[in-house]
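Heads up, the thing below is written out as structure tokens.
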Amino acid sequence: MNQRLEVLLEKATKRFDEAEVYFRSGESTSLKVYKGEIEEFSIASTGGVSLRVKKGAKTGVAYSESLEESHLAELIAQAQESLELSEEEEYFFAGAPTYPEVQAQLPEAVEPEQCAERLIGLERSFYSADERIENAYGTAFSQVRSRRALLSSHGFRLEDAGGYSIIQGAPIAKDENGMVSGSGYDIKIHPSELDWEAVFEEALENTLSQLGAKPVTSGKYPLLFTNTAASRLLSGFIGNFVAESVQKGRSLLKGKLGERIASPLIQMVDDPFQPTSLIPVAFDDEGVPVEPLTLIEKGQLVDYLYNLKSAAKDGRASNARGSRGISTSGGTSPHHLYLQPGKTPLEELKQQLGRGLLVTEITGFAGMDAVSGDFSVPIKGFYIEEGSHVHPVNEVLIAGNFYQMLKEVQALGDTLRVGSGSLLCPAMLFSPMQVSGE
Amino acid sequence: MLEERIVRFLLEEAMQSKADFAEVFYENRLVTKISMEDSKMQAAIRGRERGVGLRLYDGLNTIYVYTSDLTEPSLRSLARRAAQALGGGKDYHQPPFVPQELSPYYTVEIFPDRWSMKQKADFLREADEAAREHSDKISQVALFHLDTDQEVLIANSEGLWAQDRRVRTRFGVSSIAQGDGELHTGFASNGASMGLEYYEHYNPNALAKEASRIAVLAAGADYAPSGKMPVIMDNAFGGVLFHEACGHSLEASFISKGTSVFTDKLGEKIASSKVSAYDDGTIPGEWGTTLIDDEGTPTQNNLLIENGILKSYLVDRLHARRMGTHSTGSARRESYRYAPTSRMNNTFIAAGQDSFEEMVAGVEYGLYAKTLGGGSVNPASGDFNFQVSEAYLIENGKITKPLRGAALIGKGSEVLEKIDAVSSDLKLGQGMCGAASGMIPASLGQPQVRISELTVGGRE
């Protein structure tokens, strides 16, 4: 396979000033059980190659999932046509003398039979835990292993691999008021590290505790988000930290570098070398060496996410957040972005909340306007008084604004939840926001 | 195309197990995506997506394996792994393939490879100007042209040999308006199961102006109110209401397991008698149309609800087994990377007899939702939500002022009963629908519809 990529690179190098061949492949296994049997079992192996070329100031790209020689040969002509059209200059990395040493790990292979047995056991335990459990069809395992390689006409060759394993439970419970669903999950690199008991408990608790949920009266309520709910909501807005969005006037963070945009409690960091990162990457998808990056320092905006193109536009170096897929190119994204947790446990935050809503889940994401920062989203959670649960809540919407939330956060919880979003957040307590219900 | 010999060995290998049915799905898709932003062409992308998926049934359980490596050893090993995973064994000989004969009722006039990328890009340039000319508040415009040419082959152990070529073209514009230190977005797009003759039927400049109009309007609007109130949904993309509130919950994947609020409700009244609804996969040239579904069953026009009575679910082959019924031609998948399941094609509420003016006149205080964004639903509870990107306040029977976007929520089992007026002006809108079998093109629609009460998630 590498031989073919080298041949493609060589051909492209002859025809263009610069060329890059990016290869990505993945293997995945997934199992889903239903009523004591493996209902769905899937095995996959896919891959593809993307060619990016440059001549003068023009860039062209083309991709193929077929590695047949005739199809790879077509890529040169397609990239040429793409290049003729391009009007925005892109840049290719010339290589670096050293890269951070990382210990990327491929997940251990999974034994499907053994895994199926555990899943069936997990499903059974849902049914036997409570007679109101009606269904547990979301009991599933999946594992992904992926590899990427970057071959450049500048002479460097980079390659790495990584992956993760995940289990989830999503039982449905029923009582005289109707059906409710909830879920639990765990994500780790190796299947042997997965905590099945914790998933069982989380999924069961999230489901049963929703029975009898009802709306609250419309009005302003202080809100406490669990770490999962905060991550899911705030992850929708991280595009505003991408330098290209700022340059193209799509982000309100334009011109805010060095300014206070958030409460002094907020520390936003992108660091793939943290233990919570599943894939510790040494280079981004353009081949630039990765280092930890702080975006917000004690509430002050100190940097944006850059790739080579946006960095050149601002006359600076890339901070190695370039991203691409087989069918996409020129993107920017963080590697492992999070808000530094505080020290307050969730129970204590509930006390501080007093009378308000604990938001445990965002149940729909359509009402999020990533550009203005405005959101209006449905949630599930609990109505709280004096730190205690009064009743579960559903069928309500909360409305607010991302930028305002960053400024108005009152307190931070003490833990992050891996796998909860592209911006991991601790639990977060906010001053009153509009809640629409009864 | 995959050779018949290879399809045969894949099926034979797969069936030499406990499997009682096996199916091969092959696709070869050529994609062109051209985008423009800042009035500059961004890197245009050409690509080939190609792979094979092999599905085995053992009663109600399935194995799905897929790969993009179509070399013979890779395919053989894939089929063997699938058969081994299922276990068991038997002698099996594939019956002869009977090529499916269908007379296409729509034809592609201009295949995507007939025009250069430059020719396609010209539509972007023109629309970029149209979007910017709309108002000096427009500070940024992003546009895309997308065309896909997908060849599929579906063959199964019953001897089916079905082929289809699906060509689609789509155009979209996102405009940003600046005002008072805030940024507001407007988005407009449509698409068709057509080649480049799409541009003879649809006007990209009109989409551009529409996107800019929505953005500028939001820039001067107040926040929406919050709480329960009557809501009038506009036609076309207003169909997101039915799509989320009901459509997904009628999919056999939920119905067959009792995880939908509409399980066991066939023949029962689930909606106001003003509501009749269809899912029609056969509308010529429509965005969600396909000649055959992704299991090779010809698509059909399914009457879902007639005068409020539930008439049909959306059923694929596998779930038809669990339900003891037959497929409604509703099996869909994004690509070979997904096993198909029951999904919608072109779903809409049929035209009624009420007038829009009278609908508005009958509202004392409520919301007119004119431009709709996406939405989602939890089929088990029926809780759905969708986003309104352009809305107006209705006061004392009159539309009074524009409002900023907000989300709306309700319960599928309740909202259909609360539809108290349906206009005669049916239109369709085109979008992308995401679910278990990936993102698929789907159309949705309705005439204007009034709901006596929905929860509006505003900020006032």
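Residue numbering restarts at 1 for every chain of the structure tokens, chains are lettered A, B, ... in their displayed order, and ligands are numbered from 1 as they appear.
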Practice item. Would you give me, as JSON, numbers by chain, the residues of chain B that come within 6 Å of chain A, using only C-alpha atoms? Key: {"B": [40, 41, 42, 43, 44, 45, 46, 47, 48, 49, 50, 61, 62, 63, 64, 65, 66, 67, 68, 183, 184, 226, 227, 374, 375, 381, 386, 387, 406, 407, 457, 459]}
Contacts of stretch 373-410 of chain A with stretch 201-214 of chain A up to 12 Å, shortest pair per row, only C-alpha atoms, as a Markdown table:
| residue | atom | partner | partner_atom | distance |
| --- | --- | --- | --- | --- |
| A:Ile379 | CA | A:Ala213 | CA | 11.4 |
| A:Lys380 | CA | A:Gln210 | CA | 8.1 |
| A:Gly381 | CA | A:Gln210 | CA | 7.9 |
| A:Phe382 | CA | A:Ala213 | CA | 8.2 |
| A:Tyr383 | CA | A:Lys214 | CA | 9.5 |
| A:His389 | CA | A:Ser209 | CA | 10.2 |
| A:Val390 | CA | A:Ala213 | CA | 10.4 |
| A:His391 | CA | A:Ala213 | CA | 6.6 |
| A:Pro392 | CA | A:Ala213 | CA | 4.4 |
| A:Val393 | CA | A:Ala213 | CA | 4.7 |
| A:Asn394 | CA | A:Lys214 | CA | 5.3 |
| A:Glu395 | CA | A:Lys214 | CA | 6.8 |
| A:Val396 | CA | A:Lys214 | CA | 8.5 |
Keeping only N, CA and C atoms, write the selected residues as an mmCIF file, in the first residue's frame.
data_model
loop_
_atom_site.group_PDB
_atom_site.id
_atom_site.type_symbol
_atom_site.label_atom_id
_atom_site.label_comp_id
_atom_site.auth_asym_id
_atom_site.auth_seq_id
_atom_site.Cartn_x
_atom_site.Cartn_y
_atom_site.Cartn_z
ATOM 1 N N ILE A 379 -34.138 20.353 27.241
ATOM 2 C CA ILE A 379 -33.274 19.681 28.218
ATOM 3 C C ILE A 379 -34.068 18.694 29.080
ATOM 4 N N LYS A 380 -33.316 17.823 29.744
ATOM 5 C CA LYS A 380 -33.882 17.002 30.807
ATOM 6 C C LYS A 380 -33.088 17.317 32.065
ATOM 7 N N GLY A 381 -33.700 17.132 33.200
ATOM 8 C CA GLY A 381 -32.972 17.386 34.435
ATOM 9 C C GLY A 381 -33.869 17.272 35.637
ATOM 10 N N PHE A 382 -33.582 18.090 36.647
ATOM 11 C CA PHE A 382 -34.343 18.037 37.892
ATOM 12 C C PHE A 382 -34.608 19.443 38.417
ATOM 13 N N TYR A 383 -35.772 19.589 39.010
ATOM 14 C CA TYR A 383 -36.056 20.825 39.717
ATOM 15 C C TYR A 383 -35.512 20.657 41.138
ATOM 16 N N HIS A 389 -33.386 17.204 45.142
ATOM 17 C CA HIS A 389 -34.253 16.963 43.986
ATOM 18 C C HIS A 389 -35.713 17.028 44.412
ATOM 19 N N VAL A 390 -36.508 17.845 43.729
ATOM 20 C CA VAL A 390 -37.943 17.894 44.011
ATOM 21 C C VAL A 390 -38.689 17.014 43.018
ATOM 22 N N HIS A 391 -38.425 17.214 41.709
ATOM 23 C CA HIS A 391 -39.001 16.311 40.701
ATOM 24 C C HIS A 391 -38.180 16.375 39.416
ATOM 25 N N PRO A 392 -38.219 15.261 38.630
ATOM 26 C CA PRO A 392 -37.524 15.298 37.347
ATOM 27 C C PRO A 392 -38.240 16.239 36.376
ATOM 28 N N VAL A 393 -37.483 16.798 35.450
ATOM 29 C CA VAL A 393 -38.012 17.795 34.525
ATOM 30 C C VAL A 393 -37.778 17.362 33.089
ATOM 31 N N ASN A 394 -38.795 17.500 32.250
ATOM 32 C CA ASN A 394 -38.602 17.376 30.806
ATOM 33 C C ASN A 394 -39.534 18.361 30.118
ATOM 34 N N GLU A 395 -39.541 18.323 28.783
ATOM 35 C CA GLU A 395 -40.406 19.229 28.014
ATOM 36 C C GLU A 395 -40.231 20.685 28.397
ATOM 37 N N VAL A 396 -39.000 21.076 28.651
ATOM 38 C CA VAL A 396 -38.727 22.503 28.809
ATOM 39 C C VAL A 396 -37.551 22.874 27.909
#
**Study point:** alpha helix (DSSP H) residues, from DSSP on the backbone, in stretch 32-271 of chain B, as a PyMOL selection string
**Key:** chain B and resi 72-86+117-133+198-201+204-219+240-242+252-255
Check your understanding: Which one of A:Ala104, A:Cys115, A:Leu308, A:Leu357 sits closest to A:Asp284 if you count only C-alpha atoms?
Key ->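 Answer, going by the shortest atom-to-atom distance: A:Leu308.
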Check your understanding: as a PyMOL selection string, which residues of stretch 262-344 of chain B does DSSP assign to strand (DSSP E)?
Key -> chain B and resi 277-280+301-306+309-310+331-332+341-342
Point to revise | Selection near A:Cys425, 8 Å with only C-alpha atoms, sequence-local residues under 6 positions removed, as an NGL selection string | key: :A and (227-228 or 230-231 or 338-341 or 416-417)
Review point. Which one of A:Gly287, A:Gly239, A:Gly331, A:Pro171 sits closest to A:Ala129 if you count only C-alpha atoms?
Key: A:Pro171
**Study point:** Who sits within 6 Å of B:Ala79, only C-alpha atoms, same chain under 4 positions skipped, as a ChimeraX atom specification
**Key:** /B:10,13-14
Review point. Which of these residues is nearest to A:Glu408, using only C-alpha atoms: A:Pro222, A:Gly255, A:Gly356, A:Gly315?
Key: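 For A:Glu408, the nearest of the given residues is A:Pro222.
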Check your understanding: Using only C-alpha atoms, which residues sit within 6 Å of stretch 248-261 of chain B once same-chain residues fewer than 2 positions away are excluded, as a list in words?
Key ->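 Everything that qualifies: Cys246, Thr263, Tyr313, Leu314, Val315, His319, Met323, Ser342, Pro379 and Ala380 of chain B.
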Keeping only N, CA, C and O atoms, write the selected residues to a file as a PDB file, in the first residue's frame.
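What landed in result_5.pdb:
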ATOM      1  N   CYS B 246     -43.727  12.975  13.918  1.00  0.00           N
ATOM      2  CA  CYS B 246     -44.404  11.732  13.595  1.00  0.00           C
ATOM      3  C   CYS B 246     -43.577  10.790  12.710  1.00  0.00           C
ATOM      4  O   CYS B 246     -43.449   9.605  12.993  1.00  0.00           O
ATOM      5  N   THR B 263     -46.458   2.532  18.275  1.00  0.00           N
ATOM      6  CA  THR B 263     -46.528   1.079  18.166  1.00  0.00           C
ATOM      7  C   THR B 263     -47.970   0.616  18.417  1.00  0.00           C
ATOM      8  O   THR B 263     -48.647   1.128  19.318  1.00  0.00           O
ATOM      9  N   TYR B 313     -46.935   2.090   8.412  1.00  0.00           N
ATOM     10  CA  TYR B 313     -45.611   2.429   8.937  1.00  0.00           C
ATOM     11  C   TYR B 313     -44.642   2.492   7.767  1.00  0.00           C
ATOM     12  O   TYR B 313     -45.004   2.197   6.623  1.00  0.00           O
ATOM     13  N   LEU B 314     -43.384   2.842   8.058  1.00  0.00           N
ATOM     14  CA  LEU B 314     -42.333   2.828   7.049  1.00  0.00           C
ATOM     15  C   LEU B 314     -41.483   1.590   7.331  1.00  0.00           C
ATOM     16  O   LEU B 314     -40.873   1.500   8.393  1.00  0.00           O
ATOM     17  N   VAL B 315     -41.463   0.658   6.401  1.00  0.00           N
ATOM     18  CA  VAL B 315     -40.909  -0.654   6.715  1.00  0.00           C
ATOM     19  C   VAL B 315     -39.813  -1.066   5.733  1.00  0.00           C
ATOM     20  O   VAL B 315     -39.943  -0.879   4.522  1.00  0.00           O
ATOM     21  N   HIS B 319     -37.064  -5.415   9.300  1.00  0.00           N
ATOM     22  CA  HIS B 319     -38.094  -5.171  10.307  1.00  0.00           C
ATOM     23  C   HIS B 319     -39.454  -5.694   9.875  1.00  0.00           C
ATOM     24  O   HIS B 319     -40.315  -5.954  10.708  1.00  0.00           O
ATOM     25  N   MET B 323     -42.145  -7.742  12.187  1.00  0.00           N
ATOM     26  CA  MET B 323     -43.524  -7.285  12.288  1.00  0.00           C
ATOM     27  C   MET B 323     -44.501  -8.181  11.529  1.00  0.00           C
ATOM     28  O   MET B 323     -45.709  -7.955  11.585  1.00  0.00           O
ATOM     29  N   SER B 342     -35.303   1.373   7.966  1.00  0.00           N
ATOM     30  CA  SER B 342     -36.476   2.103   7.489  1.00  0.00           C
ATOM     31  C   SER B 342     -36.305   3.603   7.716  1.00  0.00           C
ATOM     32  O   SER B 342     -36.010   4.032   8.829  1.00  0.00           O
ATOM     33  N   PRO B 379     -38.042   8.904  19.683  1.00  0.00           N
ATOM     34  CA  PRO B 379     -39.243   8.154  19.306  1.00  0.00           C
ATOM     35  C   PRO B 379     -39.931   7.472  20.483  1.00  0.00           C
ATOM     36  O   PRO B 379     -41.137   7.271  20.455  1.00  0.00           O
ATOM     37  N   ALA B 380     -39.176   7.132  21.518  1.00  0.00           N
ATOM     38  CA  ALA B 380     -39.769   6.433  22.662  1.00  0.00           C
ATOM     39  C   ALA B 380     -40.754   7.332  23.411  1.00  0.00           C
ATOM     40  O   ALA B 380     -41.878   6.942  23.683  1.00  0.00           O
TER      41      ALA B 380
END
Practice item. Please identify all polymer residues within 10 Å of A:Tyr185, counting only C-alpha atoms, omitting same-chain residues fewer than 2 positions from it, and present them as a PyMOL selection string. Key: chain A and resi 139-141+166-170+183+187+194-196+198-203+419-420
Export C-alpha atoms of the chosen residues as a short mmCIF file (atom, residue, chain, number, x, y, z; two decimals), in the first residue's frame?
data_model
loop_
_atom_site.label_atom_id
_atom_site.label_comp_id
_atom_site.auth_asym_id
_atom_site.auth_seq_id
_atom_site.Cartn_x
_atom_site.Cartn_y
_atom_site.Cartn_z
CA THR A 139 -26.95 -2.04 24.81
CA ALA A 140 -23.92 -1.93 22.54
CA PHE A 141 -20.16 -2.12 22.18
CA ILE A 166 -16.89 2.19 24.01
CA ILE A 167 -19.84 0.54 25.71
CA GLN A 168 -23.27 2.00 26.22
CA GLY A 169 -26.53 1.13 27.84
CA ALA A 170 -29.79 2.93 26.99
CA SER A 183 -28.23 6.28 28.88
CA ILE A 187 -15.02 5.07 26.72
CA LEU A 194 -14.11 -0.49 30.43
CA ASP A 195 -16.15 -0.18 33.62
CA TRP A 196 -19.29 -2.22 32.92
CA ALA A 198 -20.53 1.96 36.21
CA VAL A 199 -22.33 1.99 32.85
CA PHE A 200 -25.07 -0.20 34.28
CA GLU A 201 -25.56 2.08 37.25
CA GLU A 202 -25.41 5.30 35.28
CA ALA A 203 -27.85 4.14 32.58
CA GLY A 419 -16.16 11.39 25.56
CA SER A 420 -18.81 13.99 26.40
#
**Study point:** Shortest interatomic distance to B:Glu182 - which of B:Asn28, B:Thr148, B:Ser437, B:Ser139, counting only C-alpha atoms
**Key:**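 Between B:Asn28, B:Thr148, B:Ser437, B:Ser139, the residue approaching B:Glu182 most closely is B:Ser139.
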